[in-house]
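*Asks:* If it helps, the file is called my_file13.txt and holds compact mmCIF, C-alpha atoms:
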# COMPACT_ATOMS: atom_id res chain seq x y z
CA MET A 6 61.25 109.80 85.17
CA ASN A 7 58.32 107.53 85.94
CA ASP A 8 56.10 108.07 82.90
CA PRO A 9 54.93 104.83 81.25
CA PHE A 10 57.31 105.20 78.30
CA SER A 11 60.43 105.58 80.53
CA VAL A 12 59.36 102.69 82.74
CA GLY A 13 58.87 100.53 79.66
CA ILE A 14 62.35 101.39 78.35
CA ARG A 15 63.95 100.50 81.69
CA LEU A 16 62.08 97.20 81.81
CA LEU A 17 63.12 96.43 78.25
CA HIS A 18 66.79 97.15 79.07
CA ARG A 19 66.59 94.92 82.12
CA TYR A 20 65.01 92.15 80.07
CA TRP A 21 67.80 92.27 77.48
CA ASP A 22 70.44 92.44 80.24
CA GLN A 23 68.99 89.29 81.75
CA ARG A 24 69.00 87.58 78.35
CA ARG A 25 72.66 88.54 77.91
CA VAL A 26 73.50 87.20 81.36
CA LEU A 27 71.82 83.89 80.58
CA ALA A 28 73.59 83.68 77.23
CA GLN A 29 76.94 84.35 78.90
CA GLN A 30 76.29 81.74 81.57
CA GLU A 31 75.50 79.16 78.89
CA LYS A 32 78.84 79.88 77.21
CA MET A 33 80.66 79.79 80.55
CA CYS A 34 79.23 76.33 81.21
CA TYR A 35 80.44 75.15 77.81
CA LEU A 36 83.87 76.66 78.45
CA TYR A 37 84.14 74.91 81.83
CA ASP A 38 83.11 71.52 80.42
CA ALA A 39 85.38 71.88 77.38
CA VAL A 40 88.42 72.76 79.48
CA TRP A 41 87.69 69.85 81.80
CA GLN A 42 87.46 67.50 78.81
CA ASP A 43 90.63 68.99 77.31
CA LEU A 44 88.95 69.75 73.98
CA PRO A 45 91.15 71.45 71.36
CA LYS A 46 91.47 75.17 72.02
CA PRO A 47 90.45 76.25 68.46
CA GLU A 48 87.27 74.20 68.81
CA ILE A 49 86.44 75.95 72.09
CA LEU A 50 87.08 79.42 70.66
CA ASN A 51 84.96 78.65 67.63
CA LYS A 52 82.08 77.73 69.91
CA ILE A 53 82.24 80.61 72.40
CA GLY A 54 83.40 83.34 70.01
CA PHE A 55 84.72 86.55 71.53
CA SER A 56 81.72 87.79 73.46
CA LEU A 57 82.87 86.70 76.92
CA PRO A 58 84.77 88.87 79.44
CA GLU A 59 88.53 88.94 78.94
CA GLU A 60 89.02 87.01 82.20
CA ALA A 61 87.37 83.95 80.64
CA TYR A 62 89.93 83.92 77.84
CA LYS A 63 92.76 84.42 80.33
CA ILE A 64 91.61 81.26 82.12
CA LEU A 65 91.45 79.36 78.84
CA ASN A 66 94.92 80.52 77.76
CA TYR A 67 96.44 79.81 81.18
CA VAL A 68 95.14 76.23 81.25
CA TYR A 69 96.23 75.42 77.70
CA ASP A 70 99.65 77.03 78.19
CA ILE A 71 100.40 75.18 81.44
CA ARG A 72 98.68 71.80 81.19
CA PRO A 73 100.92 70.36 78.40
CA ASN A 74 104.00 71.18 80.51
CA LEU A 75 102.86 69.53 83.73
CA PRO A 76 105.52 67.21 85.18
CA ASN A 77 104.94 63.51 85.55
CA MET A 78 102.63 63.40 88.55
CA SER A 79 103.66 60.01 89.87
CA PRO A 80 102.17 59.04 93.25
CA LEU A 81 104.05 60.20 96.31
CA ASN A 82 106.28 57.93 98.35
CA VAL A 83 103.78 57.31 101.12
CA SER A 84 106.33 55.85 103.54
CA ASP A 85 107.90 59.24 104.22
CA ILE A 86 105.87 62.32 103.25
CA LYS A 87 107.45 65.58 104.38
CA VAL A 88 105.66 68.92 104.76
CA SER A 89 106.93 72.49 104.52
CA VAL A 90 104.77 75.25 106.03
CA ILE A 91 105.04 78.62 104.25
CA ILE A 92 104.07 81.74 106.24
CA PRO A 93 103.98 85.08 104.39
CA HIS A 94 104.25 87.95 106.86
CA TYR A 95 104.01 91.72 106.87
CA ASN A 96 103.73 93.87 110.04
CA GLN A 97 101.70 91.33 112.03
CA HIS A 98 104.27 90.49 114.67
CA SER A 99 102.01 89.42 117.54
CA TYR A 100 99.90 87.26 115.25
CA LEU A 101 103.01 85.64 113.78
CA ASP A 102 104.17 84.80 117.30
CA GLN A 103 100.85 83.13 118.03
CA ALA A 104 100.84 81.23 114.73
CA LEU A 105 104.31 79.82 115.43
CA TYR A 106 103.42 78.98 119.02
CA TYR A 107 100.49 76.82 117.93
CA LEU A 108 102.62 75.12 115.29
CA THR A 109 104.83 73.92 118.17
CA LYS A 110 101.68 72.33 119.63
CA GLN A 111 100.98 70.21 116.56
CA SER A 112 100.55 66.51 117.33
CA VAL A 113 102.98 65.94 114.42
CA LEU A 114 105.43 68.77 113.82
CA PRO A 115 105.99 70.10 110.29
CA ASP A 116 109.32 69.08 108.78
CA GLU A 117 110.12 72.67 107.84
CA ILE A 118 108.70 76.16 108.36
CA ILE A 119 109.63 79.10 106.13
CA VAL A 120 108.60 82.60 107.20
CA VAL A 121 108.79 85.07 104.32
CA ASP A 122 108.88 88.57 105.79
CA ASP A 123 107.72 90.90 103.04
CA ARG A 124 109.72 93.96 104.12
CA SER A 125 108.09 94.57 107.52
CA GLU A 126 108.89 97.92 109.12
CA ASN A 127 110.55 96.34 112.18
CA PHE A 128 112.53 93.39 110.91
CA ASN A 129 114.41 92.98 114.21
CA SER A 130 111.13 92.11 115.93
CA VAL A 131 110.43 89.49 113.28
CA LYS A 132 113.88 87.97 113.79
CA ASN A 133 113.39 87.89 117.55
CA ILE A 134 110.06 86.10 117.19
CA CYS A 135 111.51 83.50 114.84
CA ASN A 136 114.59 83.00 117.02
CA LYS A 137 112.31 82.19 119.96
CA TYR A 138 111.07 79.07 118.15
CA GLN A 139 114.30 77.90 116.52
CA LYS A 140 114.85 75.14 119.09
CA LYS A 141 111.34 73.72 118.72
CA LEU A 142 110.81 74.11 114.98
CA ASN A 143 112.96 73.65 111.89
CA LEU A 144 112.43 77.28 110.94
CA ARG A 145 113.96 79.55 108.31
CA LEU A 146 113.36 83.27 107.93
CA ILE A 147 113.59 84.82 104.46
CA ARG A 148 113.45 88.53 103.65
CA PRO A 149 113.28 89.42 99.92
CA ALA A 150 115.28 92.32 98.51
CA LYS A 151 112.08 94.10 97.45
CA LYS A 152 108.43 93.94 98.44
CA LEU A 153 106.60 91.02 96.79
CA TYR A 154 103.10 91.38 98.25
CA ALA A 155 101.06 88.44 99.50
CA GLY A 156 101.10 86.20 96.42
CA GLY A 157 104.76 86.86 95.65
CA ALA A 158 105.79 86.12 99.23
CA LYS A 159 103.94 82.79 99.12
CA GLN A 160 105.54 81.92 95.79
CA LEU A 161 109.05 82.68 97.07
CA GLY A 162 108.51 80.53 100.15
CA VAL A 163 107.25 77.61 98.10
CA GLU A 164 110.20 77.84 95.72
CA LYS A 165 112.63 77.76 98.67
CA ALA A 166 110.92 74.77 100.32
CA HIS A 167 112.69 71.41 100.59
CA CYS A 168 109.65 69.14 101.11
CA GLU A 169 107.37 67.56 98.51
CA ILE A 170 104.20 68.97 100.11
CA VAL A 171 103.88 72.68 100.84
CA VAL A 172 101.24 74.09 103.18
CA ILE A 173 100.38 77.78 103.00
CA HIS A 174 99.69 79.37 106.39
CA ASP A 175 98.54 82.99 106.79
CA ALA A 176 100.46 84.78 109.52
CA ASP A 177 97.32 86.01 111.27
CA ASP A 178 95.64 82.58 111.49
CA ILE A 179 96.19 79.50 113.65
CA SER A 180 96.39 75.81 112.77
CA GLN A 181 94.33 73.27 114.70
CA ARG A 182 96.74 70.83 116.32
CA SER A 183 95.77 67.87 114.10
CA ARG A 184 96.42 69.78 110.88
CA ILE A 185 99.91 68.57 109.96
CA LYS A 186 99.16 65.01 111.07
CA LEU A 187 96.04 64.86 108.90
CA THR A 188 97.76 66.56 105.96
CA LYS A 189 100.40 63.82 105.95
CA ALA A 190 97.77 61.14 106.46
CA PHE A 191 95.73 62.52 103.57
CA PHE A 192 98.59 62.43 101.06
CA LYS A 193 99.45 58.91 102.20
CA LYS A 194 95.87 57.80 101.59
CA PHE A 195 95.56 59.75 98.32
CA PRO A 196 99.11 59.74 96.87
CA GLN A 197 97.85 60.83 93.44
CA ALA A 198 96.42 64.08 94.84
CA CYS A 199 97.85 67.46 93.87
CA GLN A 200 95.81 69.83 96.03
CA LEU A 201 94.13 69.74 99.44
CA ASN A 202 91.93 72.43 100.98
CA VAL A 203 90.65 72.11 104.53
CA GLY A 204 87.76 73.56 106.50
CA TYR A 205 87.98 76.51 108.86
CA VAL A 206 86.17 78.26 111.68
CA GLU A 207 86.31 81.96 112.46
CA PHE A 208 87.24 83.63 115.72
CA PRO A 209 87.20 87.29 116.81
CA LYS A 210 90.32 89.29 116.13
CA ASP A 211 91.87 89.09 119.61
CA HIS A 212 89.85 86.40 121.38
CA PHE A 213 91.17 83.01 120.33
CA LEU A 214 89.82 79.93 122.09
CA ASP A 215 91.28 76.58 121.05
CA TYR A 216 89.06 73.55 120.53
CA ILE A 217 89.55 70.55 122.77
CA GLN A 218 88.64 68.12 120.01
CA ASP A 219 91.29 66.27 118.01
CA PHE A 220 90.74 64.44 114.73
CA ASP A 221 92.06 61.09 113.53
CA ASP A 222 92.25 58.94 110.41
CA LEU A 223 88.61 57.87 110.74
CA ASP A 224 87.59 61.52 110.41
CA LEU A 225 89.89 61.77 107.40
CA THR A 226 88.01 58.99 105.63
CA GLN A 227 84.59 60.33 106.50
CA TYR A 228 85.04 63.99 105.56
CA VAL A 229 86.96 63.92 102.27
CA HIS A 230 85.38 65.42 99.15
CA ASP A 231 86.96 64.02 96.00
CA CYS A 232 87.67 65.80 92.73
CA ASP A 233 84.39 64.74 91.10
CA SER A 234 82.44 66.26 93.95
CA ILE A 235 84.36 69.55 93.78
CA LYS A 236 84.03 69.55 89.99
CA LYS A 237 80.22 69.60 90.21
CA VAL A 238 80.19 72.42 92.75
CA MET A 239 82.72 74.50 90.84
CA ARG A 240 80.81 74.08 87.58
CA ARG A 241 77.79 75.77 89.10
CA LYS A 242 79.87 78.59 90.54
CA PHE A 243 81.88 79.09 87.37
CA CYS A 244 78.82 79.22 85.12
CA GLN A 245 77.31 81.95 87.30
CA GLN A 246 80.50 84.00 87.34
CA LEU A 247 79.96 87.44 85.81
CA PHE A 248 83.59 88.61 86.15
CA SER A 249 83.96 92.25 85.10
CA THR A 250 80.78 92.50 83.01
CA PHE A 251 77.23 93.46 83.92
CA ARG A 252 78.17 95.88 86.67
CA SER A 253 74.53 96.56 87.43
CA TYR A 254 74.30 93.01 88.72
CA GLY A 255 77.63 93.13 90.54
CA SER A 256 80.79 91.18 89.74
CA ARG A 257 80.46 87.80 91.38
CA LEU A 258 83.16 85.76 93.03
CA GLY A 259 81.97 82.19 92.99
CA GLY A 260 84.02 80.93 95.92
CA TYR A 261 86.01 77.72 95.97
CA GLY A 262 85.01 74.20 96.91
CA GLU A 263 82.22 72.66 98.97
CA ASN A 264 80.80 75.00 101.57
CA ASP A 265 77.86 73.15 103.09
CA GLY A 266 79.59 71.07 105.73
CA TYR A 267 81.81 71.49 108.77
CA GLY A 268 82.78 75.05 109.67
CA PHE A 269 82.63 77.65 106.90
CA GLY A 270 83.78 75.54 103.95
CA ALA A 271 87.11 75.48 102.09
CA GLN A 272 89.98 77.68 103.27
CA THR A 273 91.78 78.88 100.14
CA GLY A 274 94.52 80.79 101.99
CA HIS A 275 95.76 77.58 103.64
CA VAL A 276 95.97 75.24 100.67
CA ALA A 277 98.37 72.26 100.67
CA TYR A 278 99.78 71.14 97.33
CA ARG A 279 102.70 69.40 95.64
CA LYS A 280 105.84 71.48 95.45
CA ILE A 281 106.68 70.04 92.01
CA LEU A 282 103.95 72.31 90.59
CA ALA A 283 105.48 75.53 91.92
CA SER A 284 107.43 76.51 88.82
CA LEU A 285 104.36 76.27 86.57
CA ILE A 286 101.30 77.25 88.60
CA LYS A 287 102.38 80.41 90.40
CA TRP A 288 100.69 82.59 92.99
CA PRO A 289 99.25 85.78 91.47
CA THR A 290 100.70 89.18 92.34
CA PRO A 291 99.39 92.71 91.75
CA TRP A 292 101.04 92.63 88.34
CA ARG A 293 99.96 89.06 87.45
CA TYR A 294 96.36 88.06 88.10
CA THR A 295 94.40 85.63 85.98
CA PHE A 296 90.85 86.72 86.67
CA THR A 297 90.44 88.27 90.14
CA LYS A 298 92.41 90.42 92.57
CA PHE A 299 92.02 87.82 95.32
CA GLU A 300 95.12 85.70 94.94
CA ASP A 301 93.84 82.82 97.10
CA TYR A 302 90.71 82.24 95.02
CA ASP A 303 92.59 82.84 91.76
CA PHE A 304 95.39 80.40 92.62
CA ASN A 305 93.20 77.64 94.02
CA PHE A 306 90.81 77.66 91.10
CA MET A 307 93.60 77.48 88.52
CA LEU A 308 95.38 74.73 90.46
CA PHE A 309 92.11 72.77 90.53
CA LEU A 310 91.29 73.34 86.87
CA ILE A 311 94.77 72.55 85.53
CA THR A 312 95.66 69.46 87.58
CA GLN A 313 92.15 67.98 88.03
CA LYS A 314 93.47 66.17 91.12
CA SER A 315 92.02 68.28 93.92
CA TYR A 316 90.42 67.27 97.20
CA GLN A 317 88.83 68.94 100.19
CA LEU A 318 88.95 67.79 103.79
CA ASP A 319 85.82 69.04 105.49
CA LEU A 320 87.29 69.40 108.98
CA PRO A 321 87.99 72.74 110.75
CA LEU A 322 91.78 72.55 110.69
CA VAL A 323 92.29 76.30 110.37
CA TYR A 324 91.21 78.99 112.80
CA TYR A 325 90.55 82.09 110.72
CA ARG A 326 91.03 85.45 112.45
CA ARG A 327 88.22 87.86 111.64
CA GLY A 328 89.09 91.51 111.11
CA THR A 329 92.59 91.10 109.64
CA SER A 330 93.86 89.93 106.28
CA THR A 331 97.03 88.81 104.56
CA ASN A 332 95.18 88.28 101.30
CA LEU A 333 94.90 91.85 100.04
CA VAL A 334 97.55 93.53 97.94
CA ASP A 335 98.85 95.49 100.92
CA TYR A 336 98.19 92.71 103.43
Rewrite the coordinates I just gave you, this time as structure tokens.
*Replies:*
Amino acid sequence: MNDPFSVGIRLLHRYWDQRRVLAQQEKMCYLYDAVWQDLPKPEILNKIGFSLPEEAYKILNYVYDIRPNLPNMSPLNVSDIKVSVIIPHYNQHSYLDQALYYLTKQSVLPDEIIVVDDRSENFNSVKNICNKYQKKLNLRLIRPAKKLYAGGAKQLGVEKAHCEIVVIHDADDISQRSRIKLTKAFFKKFPQACQLNVGYVEFPKDHFLDYIQDFDDLDLTQYVHDCDSIKKVMRRKFCQQLFSTFRSYGSRLGGYGENDGYGFGAQTGHVAYRKILASLIKWPTPWRYTFTKFEDYDFNFMLFLITQKSYQLDLPLVYYRRGTSTNLVDY
């Protein structure tokens, strides 16, 4: 109905919805700052009350359950940093072959590669692909007894890794040939770091064209965003997060990290982090999400918020294949 009374009611409802959104955002900003400052949990709850979406309280509980149990994060031994690459895979055989091929072309080879095949329909094909690269790569193939889905497959691979730095690598994407070299160089330069996200560029599903350009340590120095920089960006995104409330405005996903530089911003599916954190900060699964059903965003944000030692390298070290995904529940 468009009579003046009905229009006035709708405008009044919209006005109060907007007021509620602004009030929620103010509380979300306080929650973010309080968690970052490690204020006592009862003090935070007393301030924000119980008017926020349940996801906000899940984040709060997760941080305050995990943070006191973090291991001693002593700096890495920079003389010999080793890297394990973890590749979750499900029914993407040709893409897996291509991903492994380009890992053989790295200027510095990874010390270990673990392919976690999450119950693909043709496991013999997966074995044949992995066997093809056994002589060039230190590669292990793992097949769980039951389906784990994307987050669970990543978690299993990380737990089985032997190196102190683990690098997640989606099976349908490709690593730029400087990626492993710069990952090692980064953790040598920033041995206190816990988390590294890198930039990415997209390519059409079946038309990959490699870049000629390589990157070196000078690029590493120039294009690093430190934790303080990411903290400012994430505060803005977190405060605007509506989560599951206010459906008329849409549930927002704030994204992760800086996104105004090289390529398309931070690649959350290809995060590198310290293996020592694996037993505490785990990849979400369909039965264990913190606040979204996108396990990459969920995991990266919690890793950032809990450790407060996160960095971003704004170089396109990942080629992201458009039109496929290993990030959804069913891959």
*Asks:* Taking all atoms listed in the file into account, which of A:Phe243, A:Phe304, A:Phe195, A:Tyr106 comes nearest A:Glu31?
*Replies:*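 Using all atoms listed in the file, A:Glu31 sits closest to A:Phe243.
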*Asks:* Which one of A:Glu169, A:Asp177, A:Asp38, A:Glu300 sits closest to A:Asn96 if you count all atoms listed in the file?
*Replies:* A:Asp177
*Asks:* Which residues come within 9 Å of A:Val276, counting all atoms listed in the file, excluding same-chain residues fewer than 3 positions away, as a PyMOL selection string?
*Replies:* chain A and resi 171-174+200-203+271-273+301+305
*Asks:* Give me the residues near A:Asn74 as a PyMOL selection string, where near means some atom within 12 Å (using only C-alpha atoms) and where sequence neighbours in that chain fewer than 3 positions away do not count.
*Replies:* chain A and resi 67-71+77-78+281-282+284-286+311-312
*Asks:* Could you pull out every residue with an atom within 8 Å of (101.9, 89.1, 90.8), file coordinates, counting only C-alpha atoms, and send them as number ranges by chain?
*Replies:* A: 153-154, 156-157, 288-294
*Asks:* Can you list every residue of stretch 60-159 of chain A that has an atom at most 12 Å from stretch 317-329 of chain A, with its nearest atom pair and the distance in Å to one decimal, using only C-alpha atoms, ordered by chain then number, as a tab-separated table?
*Replies:*
residue	atom	partner	partner_atom	distance
A:Tyr95	CA	A:Thr329	CA	11.8
A:Asn96	CA	A:Thr329	CA	11.5
A:Gln97	CA	A:Thr329	CA	9.4
A:Tyr100	CA	A:Arg326	CA	9.5
A:Gln103	CA	A:Arg326	CA	11.5
A:Ala104	CA	A:Tyr324	CA	10.1
A:Tyr107	CA	A:Tyr324	CA	10.8
A:Leu108	CA	A:Val323	CA	11.5
A:Gln111	CA	A:Leu322	CA	11.2
*Asks:* Enumerate, as a ChimeraX atom specification, the protein, DNA and RNA residues whose atoms approach (99.1, 60.0, 100.2) to within 12 Å, taking into account all atoms listed in the file and the coordinate frame of the file.
*Replies:* /A:79-88,169-170,186-201,225,278-279,316
*Asks:* Next, the residues of the selection above should be written as a short mmCIF file (atom, residue, chain, number, x, y, z; two decimals), in the coordinates of the input with C-alpha atoms.
*Replies:*
data_model
loop_
_atom_site.label_atom_id
_atom_site.label_comp_id
_atom_site.auth_asym_id
_atom_site.auth_seq_id
_atom_site.Cartn_x
_atom_site.Cartn_y
_atom_site.Cartn_z
CA SER A 79 103.66 60.01 89.87
CA PRO A 80 102.17 59.04 93.25
CA LEU A 81 104.05 60.20 96.31
CA ASN A 82 106.28 57.93 98.35
CA VAL A 83 103.78 57.31 101.12
CA SER A 84 106.33 55.85 103.54
CA ASP A 85 107.90 59.24 104.22
CA ILE A 86 105.87 62.32 103.25
CA LYS A 87 107.45 65.58 104.38
CA VAL A 88 105.66 68.92 104.76
CA GLU A 169 107.37 67.56 98.51
CA ILE A 170 104.20 68.97 100.11
CA LYS A 186 99.16 65.01 111.07
CA LEU A 187 96.04 64.86 108.90
CA THR A 188 97.76 66.56 105.96
CA LYS A 189 100.40 63.82 105.95
CA ALA A 190 97.77 61.14 106.46
CA PHE A 191 95.73 62.52 103.57
CA PHE A 192 98.59 62.43 101.06
CA LYS A 193 99.45 58.91 102.20
CA LYS A 194 95.87 57.80 101.59
CA PHE A 195 95.56 59.75 98.32
CA PRO A 196 99.11 59.74 96.87
CA GLN A 197 97.85 60.83 93.44
CA ALA A 198 96.42 64.08 94.84
CA CYS A 199 97.85 67.46 93.87
CA GLN A 200 95.81 69.83 96.03
CA LEU A 201 94.13 69.74 99.44
CA LEU A 225 89.89 61.77 107.40
CA TYR A 278 99.78 71.14 97.33
CA ARG A 279 102.70 69.40 95.64
CA TYR A 316 90.42 67.27 97.20
#
*Asks:* For atom CA of A:Asp178 and atom CA of A:Arg240, determine how far apart the two atoms are, in Å to one decimal place.
*Replies:*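 Interatomic distance here is 29.4 Å.
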*Asks:* Take atom CA of A:Tyr228 and atom CA of A:Val206 and report the distance between them in Å, one decimal.
*Replies:*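 Distance between the two atoms: 15.6 Å.
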*Asks:* Between atom CA of A:Pro58 and atom CA of A:Met307, what is the distance in Å, rounded to a tenth?
*Replies:* 17.0 Å
*Asks:* May I have the residues within 9 Å of A:Leu310 as a list in words, using only C-alpha atoms and disregarding those fewer than 5 positions away in the same chain?
*Replies:* Tyr37, Val40, Trp41, Val68, Lys236, Asn305 and Ser315 of chain A
*Asks:* For the residues selected in the previous step, produce a file with C-alpha atoms as a short mmCIF file (atom, residue, chain, number, x, y, z; two decimals), keeping the file's coordinate frame.
*Replies:*
data_model
loop_
_atom_site.label_atom_id
_atom_site.label_comp_id
_atom_site.auth_asym_id
_atom_site.auth_seq_id
_atom_site.Cartn_x
_atom_site.Cartn_y
_atom_site.Cartn_z
CA TYR A 37 84.14 74.91 81.83
CA VAL A 40 88.42 72.76 79.48
CA TRP A 41 87.69 69.85 81.80
CA VAL A 68 95.14 76.23 81.25
CA LYS A 236 84.03 69.55 89.99
CA ASN A 305 93.20 77.64 94.02
CA SER A 315 92.02 68.28 93.92
#
